[in-house]
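K.L.:
One structure, pasted below without further comment.
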Amino acid sequence: MSLRLGDVAPDFTANTTQGCIKFHEWLGNSWGVFFSHPADFTPVCTTELGAVAKIKSEFDKRGVKAIAVSVDPLDSHNGWVKDINETQSCAVNFPIIADENRQVANAYGMIHPNADNTATVRSVFVIGPDKKIKLTLTYPASTGRNFLEILRVIDSLQLTAKHKLATPSDWKQGEDCVVSPSIPDDEAAKLFPKGVRKVKPYLRYTPQPNP
Ligand code: BEZ
């Protein structure tokens with residue numbers, strides 16, 4: 001059965017471009033963003049890994065560790081990283097798992113046989129400090145992902161883990177948030193001293209606490 005939100009992210013031990021890791025131990029108390037690539041030395045994957053390397057400091061600021069996987073061996077990953085650094089003007093600064101036997105890809109349901117029998121699709125898992133899955137995304141091999149959107153979602157996940165809030169469509173850091181429907185008006189007024197704007201009984205906005 002496929003992994004669902006709230007499930008514990010499967011633990012594994014694997015070789016990576018930064019040595020052997022035990023996944024849960026490597027995550028520690030951090031958040032994680034774990035994403036798959038169909039294959040090494042392919043154009044879209046090359047741009048994606050470059051994009052993640054360039055925004056690694058944004059992940060760091062949020063206490064998020066990035067890690068990639070593809071079903072190619074370590075030698076191939078190491079050669080490909082040189083190409084990524086050269087062509088994307090970056091320094092790949094996060095581990096890439098060598099998953100030749102598909103142990104990790106299978107545990108995470110990253111191979112969708114009706115799309116491709118052997119390569120992984122473009123999966124993303126955001127994992128919380130409790131090791132539970134907070135977000136899943138699946139893109140086809142032909143479409144590169146938008147990692148700024150992943151950062152945006154992480155901002156929302158981290159905010160809503162702390163406050164009884166949700167974030168509206170296209171929300172970004174600093175914009176008004178939505179008060180959770182389960183919070184009565186009197187409690188909302190206490191929880192959100194910056195004020196609650198009631199548009200409908202079910203649609204209440206408040207400024208973002210501590211943006
Ligand atoms: C790519 O990363 O460019 C790619 C990988 C597999 C299939 C199609 C594109």
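For the structure tokens, the naming scheme is as follows: chains receive sequential letters (A, B, ...) according to their order of presentation, residues are indexed from 1 within each chain, and ligands are indexed from 1 in presentation order.
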Can you pull out the residues contacting stretch 76-84 of chain A? Cut-off 7 Å, using only C-alpha atoms, and skip same-chain residues under 3 positions away; I want them as a PyMOL selection string.
P.N.:
chain A and resi 17+40-41+46+50+72-73+87-88+92
K.L.:
Please, which residues of stretch 38-104 of chain A, numbered as in this document, come out strand (DSSP E) from DSSP, as a list in words?
P.N.:
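After running DSSP on the backbone, stretch 38-104 of chain A has strand (DSSP E) at Val64, Lys65, Ala66, Ile67, Ala68, Val69, Ser70, Ile96, Ile97 and Ala98 of chain A.
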K.L.:
Using only C-alpha atoms, which protein or nucleic acid residues come within 9 Å of A:Ile150? Drop anything in the same chain fewer than 5 positions from it, and give the result as a VMD selection string.
P.N.:
chain A and resid 33 124 126 145 155
K.L.:
Residues within 10 Å of ligand 1 should be enumerated using only C-alpha atoms and all ligand atoms and returned as a CSV table (one decimal) with C-alpha atoms, in the first residue's frame.
P.N.:
```
chain,number,residue,atom,x,y,z
A,37,HIS,CA,15.1,11.1,-9.6
A,38,PRO,CA,14.4,8.7,-12.5
A,39,ALA,CA,18.1,8.4,-13.5
A,40,ASP,CA,21.6,9.9,-13.5
A,41,PHE,CA,22.9,11.9,-16.5
A,42,THR,CA,19.4,13.0,-17.6
A,43,PRO,CA,18.6,16.7,-18.3
A,44,VAL,CA,15.6,17.4,-16.1
A,45,CYS,CA,17.2,15.7,-13.1
A,46,THR,CA,20.4,17.7,-13.6
A,47,THR,CA,18.5,21.0,-13.4
A,48,GLU,CA,16.5,19.8,-10.3
A,49,LEU,CA,19.6,18.8,-8.3
A,116,ASP,CA,8.0,3.1,-16.0
A,119,ALA,CA,13.0,4.1,-13.0
A,120,THR,CA,11.5,6.1,-10.2
A,121,VAL,CA,8.9,8.8,-10.8
A,122,ARG,CA,9.6,12.2,-9.3
A,140,PRO,CA,6.1,12.5,-14.0
A,141,ALA,CA,9.6,12.1,-15.4
A,142,SER,CA,9.0,14.7,-18.0
A,143,THR,CA,8.2,17.6,-15.6
A,144,GLY,CA,10.8,19.2,-13.3
```
K.L.:
Env of A:Asn210: 12 Å cut, atoms = only C-alpha atoms, seq-sep filter 4 positions within chain, self excluded. Answer as a ChimeraX atom specification.
P.N.:
/A:159,162-163,173-177,192-194,206
K.L.:
Considering only C-alpha atoms, return as a PyMOL selection string whatever protein or nucleic-acid residues lie within 6 Å of stretch 34-36 of chain A, sequence-local ones (same chain, fewer than 3 positions apart) excluded.
P.N.:
chain A and resi 67-70+122-125
K.L.:
Using DSSP on the backbone coordinates, identify all residues within stretch 6-133 of chain A classified as helix (DSSP H, G or I); present the result as number ranges by chain.
P.N.:
A: 23-27, 43-54, 56-61, 74-88, 103-107
K.L.:
Restricting the output to N, CA and C atoms, write the selected residues as a compact mmCIF listing (two decimals), in the first residue's frame.
P.N.:
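Printed below is again.txt as written:
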```txt
# COMPACT_ATOMS: atom_id res chain seq x y z
N PHE A 23 18.80 6.32 7.86
CA PHE A 23 17.96 7.47 7.52
C PHE A 23 17.43 8.21 8.76
N HIS A 24 16.77 7.50 9.67
CA HIS A 24 16.17 8.18 10.83
C HIS A 24 17.24 8.84 11.70
N GLU A 25 18.36 8.12 11.84
CA GLU A 25 19.45 8.68 12.65
C GLU A 25 20.00 9.94 11.96
N TRP A 26 20.13 9.85 10.64
CA TRP A 26 20.66 11.01 9.87
C TRP A 26 19.72 12.22 9.99
N LEU A 27 18.41 11.94 9.99
CA LEU A 27 17.45 13.05 10.13
C LEU A 27 17.56 13.71 11.50
N PRO A 43 18.60 15.19 -18.35
CA PRO A 43 18.59 16.65 -18.32
C PRO A 43 17.73 17.27 -17.21
N VAL A 44 16.50 16.79 -17.06
CA VAL A 44 15.61 17.42 -16.08
C VAL A 44 16.16 17.22 -14.66
N CYS A 45 16.60 15.98 -14.39
CA CYS A 45 17.17 15.68 -13.07
C CYS A 45 18.37 16.57 -12.78
N THR A 46 19.18 16.82 -13.80
CA THR A 46 20.37 17.65 -13.62
C THR A 46 19.97 19.05 -13.16
N THR A 47 18.92 19.60 -13.79
CA THR A 47 18.50 20.95 -13.40
C THR A 47 17.89 20.94 -11.99
N GLU A 48 17.17 19.86 -11.66
CA GLU A 48 16.53 19.80 -10.33
C GLU A 48 17.57 19.75 -9.21
N LEU A 49 18.59 18.89 -9.39
CA LEU A 49 19.59 18.79 -8.32
C LEU A 49 20.35 20.11 -8.18
N GLY A 50 20.59 20.77 -9.31
CA GLY A 50 21.22 22.10 -9.26
C GLY A 50 20.34 23.08 -8.50
N ALA A 51 19.03 23.03 -8.76
CA ALA A 51 18.10 23.96 -8.10
C ALA A 51 18.12 23.74 -6.58
N VAL A 52 18.14 22.49 -6.16
CA VAL A 52 18.15 22.22 -4.71
C VAL A 52 19.47 22.67 -4.09
N ALA A 53 20.58 22.42 -4.79
CA ALA A 53 21.88 22.84 -4.24
C ALA A 53 21.90 24.36 -4.03
N LYS A 54 21.29 25.10 -4.98
CA LYS A 54 21.35 26.56 -4.88
C LYS A 54 20.50 27.11 -3.74
N LYS A 56 19.97 25.37 -0.86
CA LYS A 56 20.23 24.57 0.35
C LYS A 56 20.24 25.45 1.60
N SER A 57 20.76 26.69 1.48
CA SER A 57 20.81 27.56 2.67
C SER A 57 19.39 27.88 3.16
N GLU A 58 18.42 27.91 2.25
CA GLU A 58 17.02 28.15 2.65
C GLU A 58 16.49 26.94 3.43
N PHE A 59 16.84 25.74 2.99
CA PHE A 59 16.46 24.54 3.75
C PHE A 59 17.13 24.58 5.13
N ASP A 60 18.42 24.92 5.14
CA ASP A 60 19.16 24.97 6.42
C ASP A 60 18.48 25.92 7.41
N LYS A 61 18.09 27.11 6.90
CA LYS A 61 17.46 28.12 7.78
C LYS A 61 16.22 27.57 8.45
N LEU A 74 26.79 4.35 -6.96
CA LEU A 74 27.54 5.48 -6.40
C LEU A 74 28.54 6.08 -7.39
N ASP A 75 29.25 5.24 -8.13
CA ASP A 75 30.23 5.75 -9.13
C ASP A 75 29.55 6.68 -10.11
N SER A 76 28.37 6.25 -10.54
CA SER A 76 27.61 7.05 -11.50
C SER A 76 27.18 8.37 -10.85
N HIS A 77 26.67 8.32 -9.62
CA HIS A 77 26.27 9.55 -8.91
C HIS A 77 27.45 10.53 -8.82
N ASN A 78 28.63 9.97 -8.46
CA ASN A 78 29.79 10.85 -8.25
C ASN A 78 30.20 11.54 -9.56
N GLY A 79 30.14 10.80 -10.66
CA GLY A 79 30.46 11.39 -11.95
C GLY A 79 29.43 12.44 -12.34
N TRP A 80 28.17 12.12 -12.06
CA TRP A 80 27.08 13.03 -12.44
C TRP A 80 27.14 14.33 -11.63
N VAL A 81 27.49 14.21 -10.35
CA VAL A 81 27.58 15.41 -9.49
C VAL A 81 28.55 16.42 -10.10
N LYS A 82 29.65 15.92 -10.68
CA LYS A 82 30.62 16.84 -11.33
C LYS A 82 29.93 17.59 -12.46
N ASP A 83 29.15 16.88 -13.25
CA ASP A 83 28.43 17.52 -14.37
C ASP A 83 27.41 18.54 -13.84
N ILE A 84 26.71 18.17 -12.77
CA ILE A 84 25.69 19.08 -12.22
C ILE A 84 26.37 20.37 -11.76
N ASN A 85 27.48 20.21 -11.04
CA ASN A 85 28.19 21.39 -10.53
C ASN A 85 28.65 22.27 -11.69
N GLU A 86 29.13 21.61 -12.75
CA GLU A 86 29.65 22.37 -13.90
C GLU A 86 28.51 23.07 -14.65
N THR A 87 27.46 22.34 -14.94
CA THR A 87 26.43 22.91 -15.83
C THR A 87 25.45 23.82 -15.10
N GLN A 88 25.26 23.60 -13.80
CA GLN A 88 24.28 24.40 -13.07
C GLN A 88 24.94 25.46 -12.18
N GLN A 103 15.76 -0.93 -3.03
CA GLN A 103 15.26 -1.16 -1.67
C GLN A 103 14.49 0.08 -1.17
N VAL A 104 15.12 1.26 -1.36
CA VAL A 104 14.50 2.49 -0.85
C VAL A 104 13.32 2.89 -1.74
N ALA A 105 13.54 2.82 -3.05
CA ALA A 105 12.47 3.20 -4.00
C ALA A 105 11.23 2.36 -3.76
N ASN A 106 11.41 1.07 -3.51
CA ASN A 106 10.24 0.21 -3.27
C ASN A 106 9.57 0.53 -1.94
N ALA A 107 10.38 0.77 -0.91
CA ALA A 107 9.80 1.07 0.42
C ALA A 107 8.93 2.33 0.36
```
K.L.:
Near A:Lys132, counting only C-alpha atoms, which residues have an atom at most 9 Å away, once you skip same-chain residues fewer than 5 positions from it, shown as a VMD selection string?
P.N.:
chain A and resid 5 to 9 126 to 127
K.L.:
To one decimal in Å, tell me the separation between atom CA of A:Val179 and atom CA of A:Ile133.
P.N.:
23.3 Å
K.L.:
Record the distance separating atom CA of A:Val196 and atom CA of A:Arg152, expressed in Å with one decimal.
P.N.:
23.2 Å
K.L.:
Kindly indicate which residue among A:Val178, A:Ala98, A:Gly63, A:Pro211 lies nearest to A:Lys198, using only C-alpha atoms for the distances.
P.N.:
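Among the listed residues, A:Val178 lies closest to A:Lys198.
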